[in-house]
Amino acid sequence: MITVCLCIGLLLSGCSSRGADYALGTGDHGLVMPEGETEASYEVPTVGPNVFVDCLGYEPDSEKIVIFRGEEIPETFEIRDAESRETVYTGKVKNRGTVESPGEYNYYGDFSGLKEPGNYYVQIDTYGESYPFVIHDNLYYSLFKRSCEKLYALRSAAGEGAGWNIKGTGEKKEIDVCQCMYKLLFSYEMFPGVYTDDMGIPESGNGVPDILDECRYEAEWLLRRAQADSEGSGISCCYRAAVLSKYAYLTKNMDASFAGECQKAAEAAWKNVSKDLAVPDDLVVLAASELYRVTGSRQYLSPAEEYLRNSAEKTGRLSEPEFFGGVTYMNTRSQVDVDLCDVIIKKIMQEAEEIAEKSKTDSFFVYAGDGEADRETLLGEMLRICVVNHVITNHEYNRVIENHFHYLMGRNPESVCHVSYWEGQTIESGDIMEDPVQNASFIFMLSELLSNQ
(Lines give C-alpha, C1' and ligand atoms only; values in the text may rest on other atoms or scores of the structure.)
Protein backbone atom coordinates (compact mmCIF):
# COMPACT_ATOMS: atom_id res chain seq x y z
CA MET A 1 0.00 0.00 0.00
CA ILE A 2 1.38 3.41 -0.96
CA THR A 3 1.03 5.81 1.95
CA VAL A 4 1.87 9.45 2.41
CA CYS A 5 2.19 10.92 5.88
CA LEU A 6 -0.26 13.73 5.25
CA CYS A 7 -0.97 14.04 8.93
CA ILE A 8 2.24 15.95 9.48
CA GLY A 9 1.98 18.24 6.49
CA LEU A 10 5.26 19.40 5.02
CA LEU A 11 7.17 18.26 8.07
CA LEU A 12 10.27 18.54 7.88
CA SER A 13 31.33 39.76 26.32
CA GLY A 14 30.89 40.74 22.68
CA CYS A 15 28.42 43.59 23.07
CA SER A 16 30.93 45.51 25.12
CA SER A 17 33.24 45.63 22.09
CA ARG A 18 31.33 48.67 20.88
CA GLY A 19 31.56 50.35 24.31
CA ALA A 20 28.84 52.51 25.73
CA ASP A 21 28.88 54.86 22.75
CA TYR A 22 26.73 53.49 19.99
CA ALA A 23 24.63 54.59 17.06
CA LEU A 24 23.01 52.30 14.55
CA GLY A 25 21.85 53.51 11.18
CA THR A 26 19.22 51.67 9.17
CA GLY A 27 19.44 51.03 5.44
CA ASP A 28 16.65 50.01 3.10
CA HIS A 29 17.22 46.33 3.72
CA GLY A 30 19.18 46.04 6.89
CA LEU A 31 21.13 47.41 9.80
CA VAL A 32 24.35 49.13 8.83
CA MET A 33 26.67 51.73 10.27
CA PRO A 34 26.19 55.02 8.44
CA GLU A 35 28.82 55.57 5.76
CA GLY A 36 31.85 57.34 7.13
CA GLU A 37 30.65 57.20 10.73
CA THR A 38 33.14 55.53 13.05
CA GLU A 39 31.94 56.78 16.40
CA ALA A 40 28.59 57.35 18.06
CA SER A 41 26.68 60.58 17.83
CA TYR A 42 25.53 60.33 21.43
CA GLU A 43 26.69 58.84 24.69
CA VAL A 44 24.87 56.39 26.89
CA PRO A 45 25.66 56.48 30.63
CA THR A 46 27.84 53.78 32.16
CA VAL A 47 26.25 50.42 31.54
CA GLY A 48 25.29 48.44 34.62
CA PRO A 49 26.02 44.69 34.81
CA ASN A 50 22.56 43.83 36.14
CA VAL A 51 20.28 44.78 33.26
CA PHE A 52 20.07 42.34 30.35
CA VAL A 53 18.61 43.04 26.91
CA ASP A 54 19.11 41.91 23.35
CA CYS A 55 22.13 44.01 22.40
CA LEU A 56 20.85 44.44 18.85
CA GLY A 57 17.16 44.93 19.43
CA TYR A 58 13.60 43.90 18.75
CA GLU A 59 11.00 43.88 15.99
CA PRO A 60 8.19 46.41 16.67
CA ASP A 61 5.46 43.81 17.21
CA SER A 62 7.60 41.23 19.02
CA GLU A 63 7.63 40.49 22.73
CA LYS A 64 10.29 42.66 24.41
CA ILE A 65 11.69 41.49 27.73
CA VAL A 66 14.44 42.93 29.92
CA ILE A 67 15.88 40.80 32.74
CA PHE A 68 17.16 42.24 36.03
CA ARG A 69 19.67 40.82 38.50
CA GLY A 70 19.54 41.86 42.13
CA GLU A 71 17.91 41.33 45.51
CA GLU A 72 15.88 44.56 45.92
CA ILE A 73 14.75 45.57 42.46
CA PRO A 74 12.72 48.83 42.15
CA GLU A 75 9.09 48.49 41.19
CA THR A 76 9.43 50.26 37.84
CA PHE A 77 11.90 50.69 34.99
CA GLU A 78 12.15 53.14 32.13
CA ILE A 79 12.96 52.96 28.45
CA ARG A 80 14.79 56.06 27.32
CA ASP A 81 15.61 57.46 23.92
CA ALA A 82 19.35 56.90 23.45
CA GLU A 83 19.95 60.34 21.97
CA SER A 84 17.70 62.67 23.95
CA ARG A 85 17.67 60.48 27.09
CA GLU A 86 14.01 61.28 27.50
CA THR A 87 11.77 58.61 29.01
CA VAL A 88 9.50 57.12 26.35
CA TYR A 89 8.09 54.15 28.26
CA THR A 90 7.65 53.15 31.90
CA GLY A 91 7.04 49.55 32.88
CA LYS A 92 6.51 47.49 36.00
CA VAL A 93 9.12 45.06 37.31
CA LYS A 94 7.73 41.57 37.84
CA ASN A 95 8.98 38.70 39.99
CA ARG A 96 9.02 35.40 38.13
CA GLY A 97 9.00 33.34 41.30
CA THR A 98 11.03 30.14 41.66
CA VAL A 99 13.19 29.13 38.73
CA GLU A 100 15.83 26.45 38.30
CA SER A 101 18.63 28.92 37.59
CA PRO A 102 20.19 31.20 40.26
CA GLY A 103 17.53 33.18 42.07
CA GLU A 104 19.00 36.62 41.49
CA TYR A 105 17.64 36.59 37.93
CA ASN A 106 14.01 36.28 38.96
CA TYR A 107 12.96 39.76 37.88
CA TYR A 108 11.95 40.98 34.47
CA GLY A 109 10.17 43.79 32.70
CA ASP A 110 7.95 43.64 29.64
CA PHE A 111 8.03 46.63 27.29
CA SER A 112 6.24 45.01 24.34
CA GLY A 113 3.98 48.05 24.24
CA LEU A 114 6.84 50.17 22.88
CA LYS A 115 6.66 49.75 19.10
CA GLU A 116 8.08 53.00 17.73
CA PRO A 117 11.31 52.37 15.76
CA GLY A 118 14.32 54.04 17.30
CA ASN A 119 17.42 53.69 19.46
CA TYR A 120 16.86 53.09 23.17
CA TYR A 121 18.26 51.82 26.44
CA VAL A 122 16.75 50.59 29.73
CA GLN A 123 17.25 52.57 32.92
CA ILE A 124 16.38 51.35 36.42
CA ASP A 125 17.15 53.11 39.71
CA THR A 126 20.12 51.77 41.68
CA TYR A 127 21.11 49.22 39.04
CA GLY A 128 21.94 51.49 36.13
CA GLU A 129 21.42 51.17 32.38
CA SER A 130 21.37 48.45 29.78
CA TYR A 131 23.34 48.36 26.58
CA PRO A 132 21.59 50.37 23.87
CA PHE A 133 19.38 48.57 21.37
CA VAL A 134 17.12 49.34 18.43
CA ILE A 135 13.50 48.70 17.63
CA HIS A 136 13.49 48.07 13.91
CA ASP A 137 10.96 46.44 11.59
CA ASN A 138 13.63 44.85 9.39
CA LEU A 139 15.78 43.28 12.07
CA TYR A 140 15.33 39.57 11.28
CA TYR A 141 15.70 40.07 7.55
CA SER A 142 18.81 42.20 8.07
CA LEU A 143 20.57 39.38 9.89
CA PHE A 144 19.19 36.76 7.51
CA LYS A 145 20.60 38.60 4.50
CA ARG A 146 23.98 39.12 6.16
CA SER A 147 24.16 35.46 7.16
CA CYS A 148 23.38 34.34 3.62
CA GLU A 149 26.00 36.73 2.24
CA LYS A 150 28.57 34.95 4.40
CA LEU A 151 28.02 31.82 2.28
CA TYR A 152 29.17 33.56 -0.88
CA ALA A 153 32.10 35.01 1.06
CA LEU A 154 33.17 31.44 1.84
CA ARG A 155 33.61 30.59 -1.82
CA SER A 156 35.08 33.97 -2.69
CA ALA A 157 37.82 33.43 -0.11
CA ALA A 158 38.64 29.92 -1.34
CA GLY A 159 39.15 30.58 -5.02
CA GLU A 160 37.41 29.19 -8.08
CA GLY A 161 36.51 25.52 -7.79
CA ALA A 162 38.01 25.05 -4.33
CA GLY A 163 34.71 24.79 -2.51
CA TRP A 164 33.80 26.86 0.51
CA ASN A 165 36.70 28.17 2.55
CA ILE A 166 36.01 26.00 5.60
CA LYS A 167 38.73 25.22 8.12
CA GLY A 168 40.12 21.73 8.02
CA THR A 169 41.02 19.35 5.27
CA GLY A 170 40.00 15.97 3.94
CA GLU A 171 37.21 14.15 5.71
CA LYS A 172 36.73 16.80 8.40
CA LYS A 173 36.11 19.50 5.82
CA GLU A 174 33.72 17.27 3.87
CA ILE A 175 31.68 16.47 6.96
CA ASP A 176 31.44 20.16 7.92
CA VAL A 177 30.44 21.05 4.36
CA CYS A 178 27.74 18.39 4.39
CA GLN A 179 26.36 19.45 7.77
CA CYS A 180 26.20 23.05 6.59
CA MET A 181 24.57 22.18 3.26
CA TYR A 182 22.08 19.80 4.81
CA LYS A 183 20.71 22.42 7.21
CA LEU A 184 20.48 25.00 4.45
CA LEU A 185 18.62 22.60 2.17
CA PHE A 186 16.30 21.52 4.96
CA SER A 187 15.57 25.15 5.76
CA TYR A 188 14.78 25.85 2.10
CA GLU A 189 12.47 22.84 1.97
CA MET A 190 10.50 24.05 4.98
CA PHE A 191 10.51 27.81 4.34
CA PRO A 192 10.99 28.31 0.58
CA GLY A 193 9.13 31.61 0.61
CA VAL A 194 11.91 33.44 2.47
CA TYR A 195 14.59 32.52 -0.06
CA THR A 196 14.84 34.78 -3.08
CA ASP A 197 16.84 35.05 -6.30
CA ASP A 198 18.18 38.54 -5.68
CA MET A 199 20.79 38.28 -2.93
CA GLY A 200 23.53 39.78 -5.08
CA ILE A 201 25.59 36.71 -5.97
CA PRO A 202 26.75 36.00 -9.56
CA GLU A 203 23.86 33.58 -10.13
CA SER A 204 21.17 36.01 -8.94
CA GLY A 205 18.38 36.43 -11.46
CA ASN A 206 18.72 32.96 -13.00
CA GLY A 207 15.31 31.84 -11.78
CA VAL A 208 16.74 29.62 -9.02
CA PRO A 209 16.71 30.69 -5.34
CA ASP A 210 20.20 31.85 -4.48
CA ILE A 211 20.46 29.45 -1.54
CA LEU A 212 20.21 26.55 -4.02
CA ASP A 213 22.86 28.18 -6.21
CA GLU A 214 25.18 28.30 -3.21
CA CYS A 215 24.45 24.68 -2.40
CA ARG A 216 25.01 23.68 -6.02
CA TYR A 217 28.43 25.31 -5.93
CA GLU A 218 29.33 23.08 -3.02
CA ALA A 219 27.59 20.02 -4.48
CA GLU A 220 29.92 20.33 -7.46
CA TRP A 221 32.85 20.30 -5.06
CA LEU A 222 31.47 17.18 -3.36
CA LEU A 223 31.19 15.43 -6.72
CA ARG A 224 34.81 16.27 -7.54
CA ARG A 225 35.89 15.04 -4.13
CA ALA A 226 33.94 11.81 -4.61
CA GLN A 227 35.74 11.21 -7.90
CA ALA A 228 39.11 11.88 -6.30
CA ASP A 229 38.32 9.72 -3.25
CA SER A 230 35.78 7.17 -4.40
CA GLU A 231 36.10 5.13 -1.23
CA GLY A 232 36.13 7.40 1.80
CA SER A 233 35.10 6.39 5.31
CA GLY A 234 31.62 5.17 6.07
CA ILE A 235 30.96 8.31 8.11
CA SER A 236 31.89 10.81 5.40
CA CYS A 237 30.04 8.70 2.82
CA CYS A 238 26.91 8.76 4.99
CA TYR A 239 26.95 12.54 5.05
CA ARG A 240 27.73 12.69 1.34
CA ALA A 241 24.87 10.32 0.51
CA ALA A 242 22.41 12.26 2.67
CA VAL A 243 23.18 15.76 1.42
CA LEU A 244 23.47 14.85 -2.28
CA SER A 245 20.20 12.93 -2.06
CA LYS A 246 18.43 15.90 -0.52
CA TYR A 247 19.87 18.28 -3.10
CA ALA A 248 18.79 15.94 -5.92
CA TYR A 249 15.28 15.66 -4.49
CA LEU A 250 14.80 19.41 -4.15
CA THR A 251 16.22 20.35 -7.56
CA LYS A 252 15.15 17.51 -9.86
CA ASN A 253 12.48 19.72 -11.44
CA MET A 254 14.93 22.60 -11.91
CA ASP A 255 17.92 20.79 -13.39
CA ALA A 256 17.19 17.10 -13.92
CA SER A 257 20.63 16.38 -15.38
CA PHE A 258 22.67 17.68 -12.46
CA ALA A 259 20.20 16.28 -9.94
CA GLY A 260 20.73 12.91 -11.58
CA GLU A 261 24.50 13.22 -11.15
CA CYS A 262 24.02 14.00 -7.46
CA GLN A 263 21.67 11.05 -6.98
CA LYS A 264 24.11 8.72 -8.71
CA ALA A 265 26.96 9.92 -6.48
CA ALA A 266 24.78 9.50 -3.39
CA GLU A 267 24.01 5.90 -4.31
CA ALA A 268 27.70 5.22 -4.92
CA ALA A 269 28.52 6.66 -1.49
CA TRP A 270 25.96 4.32 0.09
CA LYS A 271 27.88 1.30 -1.20
CA ASN A 272 30.81 2.40 0.95
CA VAL A 273 28.51 2.90 3.92
CA SER A 274 27.28 -0.67 3.71
CA LYS A 275 30.87 -1.92 3.84
CA ASP A 276 31.73 -0.07 7.04
CA LEU A 277 30.24 -1.76 10.10
CA ALA A 278 31.56 0.99 12.38
CA VAL A 279 29.22 3.66 10.97
CA PRO A 280 26.95 5.01 13.74
CA ASP A 281 23.33 3.90 13.42
CA ASP A 282 21.98 7.44 13.43
CA LEU A 283 24.00 8.34 10.33
CA VAL A 284 22.65 5.25 8.60
CA VAL A 285 19.15 6.50 9.38
CA LEU A 286 19.92 9.87 7.83
CA ALA A 287 21.48 8.54 4.63
CA ALA A 288 19.02 5.69 4.09
CA SER A 289 15.97 7.94 4.64
CA GLU A 290 17.16 10.54 2.15
CA LEU A 291 18.09 7.90 -0.42
CA TYR A 292 14.75 6.16 -0.04
CA ARG A 293 12.83 9.38 -0.56
CA VAL A 294 14.70 10.39 -3.71
CA THR A 295 14.90 6.92 -5.29
CA GLY A 296 11.90 5.01 -3.92
CA SER A 297 14.15 1.94 -3.89
CA ARG A 298 13.33 -0.61 -1.20
CA GLN A 299 17.01 -1.41 -0.67
CA TYR A 300 17.12 1.76 1.44
CA LEU A 301 13.76 1.26 3.13
CA SER A 302 14.79 -1.71 5.27
CA PRO A 303 17.81 -0.10 6.98
CA ALA A 304 15.92 3.18 7.37
CA GLU A 305 13.01 1.52 9.16
CA GLU A 306 15.15 -0.85 11.21
CA TYR A 307 17.25 1.88 12.74
CA LEU A 308 14.35 4.33 13.03
CA ARG A 309 12.41 1.84 15.13
CA ASN A 310 15.39 1.49 17.44
CA SER A 311 15.73 5.28 17.60
CA ALA A 312 12.05 5.95 18.26
CA GLU A 313 11.71 3.32 20.96
CA LYS A 314 14.92 4.04 22.87
CA THR A 315 14.99 6.04 26.09
CA GLY A 316 16.34 9.54 25.70
CA ARG A 317 16.29 12.08 22.94
CA LEU A 318 16.90 11.59 19.26
CA SER A 319 20.29 12.62 17.95
CA GLU A 320 20.32 15.31 15.28
CA PRO A 321 20.79 12.79 12.41
CA GLU A 322 17.98 10.64 13.85
CA PHE A 323 15.72 13.67 14.12
CA PHE A 324 16.25 14.82 10.54
CA GLY A 325 16.24 11.28 9.20
CA GLY A 326 12.93 10.61 10.92
CA VAL A 327 11.36 13.78 9.54
CA THR A 328 12.52 12.88 6.02
CA TYR A 329 11.13 9.36 6.34
CA MET A 330 7.74 10.68 7.43
CA ASN A 331 7.66 13.10 4.52
CA THR A 332 8.38 10.61 1.75
CA ARG A 333 5.79 9.87 -0.93
CA SER A 334 6.81 6.24 -1.18
CA GLN A 335 5.58 3.44 1.05
CA VAL A 336 6.12 4.00 4.75
CA ASP A 337 5.04 2.38 8.00
CA VAL A 338 2.25 4.60 9.36
CA ASP A 339 2.59 3.17 12.86
CA LEU A 340 6.30 3.99 12.84
CA CYS A 341 5.49 7.52 11.66
CA ASP A 342 3.10 7.87 14.58
CA VAL A 343 5.76 6.80 17.08
CA ILE A 344 8.34 9.17 15.60
CA ILE A 345 6.08 12.20 15.50
CA LYS A 346 4.98 11.64 19.09
CA LYS A 347 8.59 11.46 20.22
CA ILE A 348 9.48 14.61 18.29
CA MET A 349 6.51 16.46 19.74
CA GLN A 350 7.40 15.35 23.27
CA GLU A 351 10.93 16.63 22.82
CA ALA A 352 9.66 19.99 21.60
CA GLU A 353 7.32 20.27 24.55
CA GLU A 354 10.20 19.48 26.90
CA ILE A 355 12.26 22.30 25.39
CA ALA A 356 9.34 24.71 25.75
CA GLU A 357 8.55 23.72 29.33
CA LYS A 358 12.17 23.75 30.51
CA SER A 359 12.64 27.17 28.91
CA LYS A 360 9.91 28.56 31.15
CA THR A 361 11.88 27.63 34.28
CA ASP A 362 15.14 29.20 33.12
CA SER A 363 16.03 32.72 34.19
CA PHE A 364 16.87 33.67 30.61
CA PHE A 365 14.04 31.69 28.99
CA VAL A 366 16.33 29.18 27.22
CA TYR A 367 16.99 25.46 27.32
CA ALA A 368 20.27 23.74 26.55
CA GLY A 369 19.51 20.17 27.58
CA ASP A 370 21.74 18.92 30.37
CA GLY A 371 24.73 20.97 29.26
CA GLU A 372 25.80 24.59 29.22
CA ALA A 373 23.97 27.16 27.13
CA ASP A 374 26.64 27.34 24.43
CA ARG A 375 25.88 28.52 20.90
CA GLU A 376 25.99 25.12 19.22
CA THR A 377 23.65 23.50 21.74
CA LEU A 378 21.14 26.35 21.72
CA LEU A 379 21.03 26.44 17.93
CA GLY A 380 20.52 22.67 17.83
CA GLU A 381 17.58 22.92 20.20
CA MET A 382 16.02 25.64 18.06
CA LEU A 383 16.22 23.56 14.88
CA ARG A 384 13.94 21.01 16.53
CA ILE A 385 11.49 23.65 17.69
CA CYS A 386 11.49 25.28 14.24
CA VAL A 387 10.53 21.99 12.60
CA VAL A 388 7.74 21.25 15.06
CA ASN A 389 6.47 24.82 14.94
CA HIS A 390 6.26 24.53 11.17
CA VAL A 391 3.89 21.60 11.65
CA ILE A 392 1.58 22.94 14.36
CA THR A 393 2.22 26.75 14.36
CA ASN A 394 2.24 27.11 18.13
CA HIS A 395 2.43 30.70 19.41
CA GLU A 396 4.29 29.47 22.47
CA TYR A 397 6.97 27.92 20.26
CA ASN A 398 7.33 31.21 18.38
CA ARG A 399 8.11 32.81 21.72
CA VAL A 400 10.62 30.09 22.60
CA ILE A 401 12.48 30.63 19.33
CA GLU A 402 12.57 34.40 19.81
CA ASN A 403 13.81 34.03 23.40
CA HIS A 404 16.72 31.89 22.24
CA PHE A 405 17.44 34.42 19.51
CA HIS A 406 17.55 37.22 22.10
CA TYR A 407 19.85 35.13 24.30
CA LEU A 408 22.33 34.72 21.45
CA MET A 409 22.12 38.44 20.71
CA GLY A 410 23.12 39.47 24.22
CA ARG A 411 20.31 38.82 26.69
CA ASN A 412 22.46 36.38 28.62
CA PRO A 413 24.40 36.41 31.93
CA GLU A 414 27.53 37.86 30.33
CA SER A 415 25.71 40.32 28.04
CA VAL A 416 27.72 38.77 25.21
CA CYS A 417 26.45 39.14 21.66
CA HIS A 418 27.42 36.14 19.53
CA VAL A 419 26.62 37.67 16.14
CA SER A 420 28.16 40.59 14.29
CA TYR A 421 25.69 42.98 12.74
CA TRP A 422 27.65 45.61 10.89
CA GLU A 423 30.71 45.50 8.66
CA GLY A 424 33.97 45.69 10.55
CA GLN A 425 32.48 44.87 13.93
CA THR A 426 34.53 42.55 16.11
CA ILE A 427 33.07 40.58 18.99
CA GLU A 428 34.89 38.93 21.82
CA SER A 429 32.98 35.66 21.97
CA GLY A 430 33.48 34.42 18.43
CA ASP A 431 31.00 35.09 15.68
CA ILE A 432 28.28 32.60 14.74
CA MET A 433 28.44 33.90 11.18
CA GLU A 434 32.12 32.97 10.94
CA ASP A 435 31.38 29.31 11.75
CA PRO A 436 29.71 27.86 8.62
CA VAL A 437 27.86 25.05 10.41
CA GLN A 438 26.58 27.36 13.15
CA ASN A 439 25.75 30.00 10.57
CA ALA A 440 23.64 27.46 8.67
CA SER A 441 21.74 26.74 11.89
CA PHE A 442 21.31 30.48 12.47
CA ILE A 443 19.94 30.91 8.94
CA PHE A 444 17.53 28.03 9.64
CA MET A 445 16.35 29.78 12.80
CA LEU A 446 15.96 33.15 11.07
CA SER A 447 14.09 31.62 8.15
CA GLU A 448 11.51 30.29 10.59
CA LEU A 449 11.17 33.69 12.28
CA LEU A 450 10.74 35.37 8.90
CA SER A 451 8.17 32.82 7.74
CA ASN A 452 5.92 33.75 10.66
CA GLN A 453 5.84 37.44 9.83
# chains A, B, ... in the order shown; residues from 1 in each chain; ligands from 1
>>> residues_around(residues="Val177 (chain A)", least_positions_apart="5", cutoff="8 Å", atoms="only C-alpha atoms", output="PyMOL selection string")
chain A and resi 164+166+218+437
>>> select_by_dssp(residues="region 66-279 of chain A", states="helix (DSSP H, G or I)", output="ChimeraX atom specification")
/A:103-105,139-158,170-190,192-194,210-228,234-251,256-275
>>> residues_around(residues="Ala278 (chain A)", least_positions_apart="3", cutoff="9 Å", atoms="only C-alpha atoms", output="list in words")
Gly234, Ile235 and Asp281 of chain A
>>> residues_around(residues="Ala312 (chain A)", least_positions_apart="3", cutoff="7 Å", atoms="only C-alpha atoms", output="list in words")
Leu308, Arg309, Val343, Ile344 and Lys347 of chain A
>>> write_last_selection(atoms="N, CA and C atoms", output="PDB file, in the first residue's frame")
ATOM      1  N   LEU A 308      15.311   3.356  12.511  1.00  0.00           N
ATOM      2  CA  LEU A 308      14.349   4.326  13.028  1.00  0.00           C
ATOM      3  C   LEU A 308      13.514   3.740  14.158  1.00  0.00           C
ATOM      4  N   ARG A 309      13.162   2.472  14.042  1.00  0.00           N
ATOM      5  CA  ARG A 309      12.405   1.835  15.132  1.00  0.00           C
ATOM      6  C   ARG A 309      13.240   1.824  16.406  1.00  0.00           C
ATOM      7  N   VAL A 343       4.834   6.866  15.947  1.00  0.00           N
ATOM      8  CA  VAL A 343       5.762   6.802  17.083  1.00  0.00           C
ATOM      9  C   VAL A 343       6.791   7.921  16.989  1.00  0.00           C
ATOM     10  N   ILE A 344       7.312   8.150  15.783  1.00  0.00           N
ATOM     11  CA  ILE A 344       8.342   9.173  15.595  1.00  0.00           C
ATOM     12  C   ILE A 344       7.784  10.561  15.877  1.00  0.00           C
ATOM     13  N   LYS A 347       7.323  11.243  19.525  1.00  0.00           N
ATOM     14  CA  LYS A 347       8.594  11.460  20.222  1.00  0.00           C
ATOM     15  C   LYS A 347       9.123  12.860  19.923  1.00  0.00           C
TER      16      LYS A 347
END
>>> closest_residue(among="A:Glu376, A:Glu220, A:Glu129, A:Glu63", to="Gly430 (chain A)", atoms="only C-alpha atoms")
A:Glu376
>>> atom_distance(atom1="CA of Arg240 (chain A)", atom2="CA of Ala266 (chain A)")
6.4 Å
>>> closest_residue(among="A:Val194, A:Cys238, A:Leu212, A:Leu318", to="Pro280 (chain A)", atoms="only C-alpha atoms")
A:Cys238
>>> atom_distance(atom1="CA of Leu56 (chain A)", atom2="CA of Gly91 (chain A)")
20.3 Å
>>> residues_around(residues="Leu383 (chain A)", least_positions_apart="3", cutoff="9 Å", atoms="only C-alpha atoms", output="number ranges by chain")
A: 183, 378-380, 386-388, 441-442, 444-445
>>> write_last_selection(atoms="N, CA, C and O atoms", output="mmCIF file, in the first residue's frame")
data_model
loop_
_atom_site.group_PDB
_atom_site.id
_atom_site.type_symbol
_atom_site.label_atom_id
_atom_site.label_comp_id
_atom_site.auth_asym_id
_atom_site.auth_seq_id
_atom_site.Cartn_x
_atom_site.Cartn_y
_atom_site.Cartn_z
ATOM 1 N N LYS A 183 21.599 21.523 6.468
ATOM 2 C CA LYS A 183 20.714 22.422 7.212
ATOM 3 C C LYS A 183 20.147 23.506 6.303
ATOM 4 O O LYS A 183 18.985 23.896 6.435
ATOM 5 N N LEU A 378 22.361 25.563 21.833
ATOM 6 C CA LEU A 378 21.142 26.354 21.722
ATOM 7 C C LEU A 378 20.600 26.348 20.299
ATOM 8 O O LEU A 378 19.385 26.226 20.088
ATOM 9 N N LEU A 379 21.472 26.469 19.320
ATOM 10 C CA LEU A 379 21.031 26.444 17.930
ATOM 11 C C LEU A 379 20.443 25.081 17.575
ATOM 12 O O LEU A 379 19.436 24.991 16.858
ATOM 13 N N GLY A 380 21.049 24.015 18.080
ATOM 14 C CA GLY A 380 20.525 22.674 17.825
ATOM 15 C C GLY A 380 19.131 22.484 18.396
ATOM 16 O O GLY A 380 18.261 21.876 17.754
ATOM 17 N N CYS A 386 11.896 24.700 15.529
ATOM 18 C CA CYS A 386 11.492 25.279 14.240
ATOM 19 C C CYS A 386 10.726 24.268 13.395
ATOM 20 O O CYS A 386 9.720 24.602 12.762
ATOM 21 N N VAL A 387 11.201 23.033 13.377
ATOM 22 C CA VAL A 387 10.529 21.992 12.595
ATOM 23 C C VAL A 387 9.137 21.731 13.144
ATOM 24 O O VAL A 387 8.146 21.693 12.401
ATOM 25 N N VAL A 388 9.036 21.546 14.450
ATOM 26 C CA VAL A 388 7.738 21.251 15.064
ATOM 27 C C VAL A 388 6.796 22.435 14.912
ATOM 28 O O VAL A 388 5.607 22.275 14.622
ATOM 29 N N SER A 441 22.783 26.899 10.885
ATOM 30 C CA SER A 441 21.737 26.737 11.892
ATOM 31 C C SER A 441 21.064 28.069 12.187
ATOM 32 O O SER A 441 19.844 28.143 12.380
ATOM 33 N N PHE A 442 21.851 29.137 12.219
ATOM 34 C CA PHE A 442 21.311 30.478 12.471
ATOM 35 C C PHE A 442 20.392 30.910 11.332
ATOM 36 O O PHE A 442 19.316 31.478 11.564
ATOM 37 N N PHE A 444 18.718 28.872 9.440
ATOM 38 C CA PHE A 444 17.527 28.033 9.635
ATOM 39 C C PHE A 444 16.585 28.706 10.629
ATOM 40 O O PHE A 444 15.369 28.847 10.389
ATOM 41 N N MET A 445 17.140 29.145 11.745
ATOM 42 C CA MET A 445 16.352 29.780 12.802
ATOM 43 C C MET A 445 15.712 31.079 12.306
ATOM 44 O O MET A 445 14.516 31.336 12.532
#
>>> residues_around(residues="Pro209 (chain A)", least_positions_apart="5", cutoff="6 Å", atoms="only C-alpha atoms", output="PyMOL selection string")
chain A and resi 195-197
>>> residues_around(residues="Gly163 (chain A)", least_positions_apart="5", cutoff="12 Å", atoms="only C-alpha atoms", output="list of chain:residue names")
A:Leu151, A:Tyr152, A:Ala153, A:Leu154, A:Arg155, A:Ser156, A:Ala157, A:Ala158, A:Thr169, A:Lys173, A:Glu174, A:Asp176, A:Val177, A:Cys178, A:Met181, A:Glu214, A:Cys215, A:Arg216, A:Tyr217, A:Glu218, A:Ala219, A:Glu220, A:Trp221, A:Leu222, A:Leu223, A:Arg224, A:Arg225
>>> closest_residue(among="A:Ser289, A:Ser245, A:Ser147, A:Ser236", to="Asn272 (chain A)", atoms="only C-alpha atoms")
A:Ser236
>>> closest_atom_pairs(of="region 383-445 of chain A", to="region 68-76 of chain A", cutoff="12 Å", atoms="only C-alpha atoms", output="CSV")
residue,atom,partner,partner_atom,distance
A:Arg411,CA,A:Phe68,CA,10.4
A:Asn412,CA,A:Phe68,CA,10.8
A:Pro413,CA,A:Arg69,CA,9.2
A:Glu414,CA,A:Arg69,CA,11.7
A:Ser415,CA,A:Phe68,CA,11.9
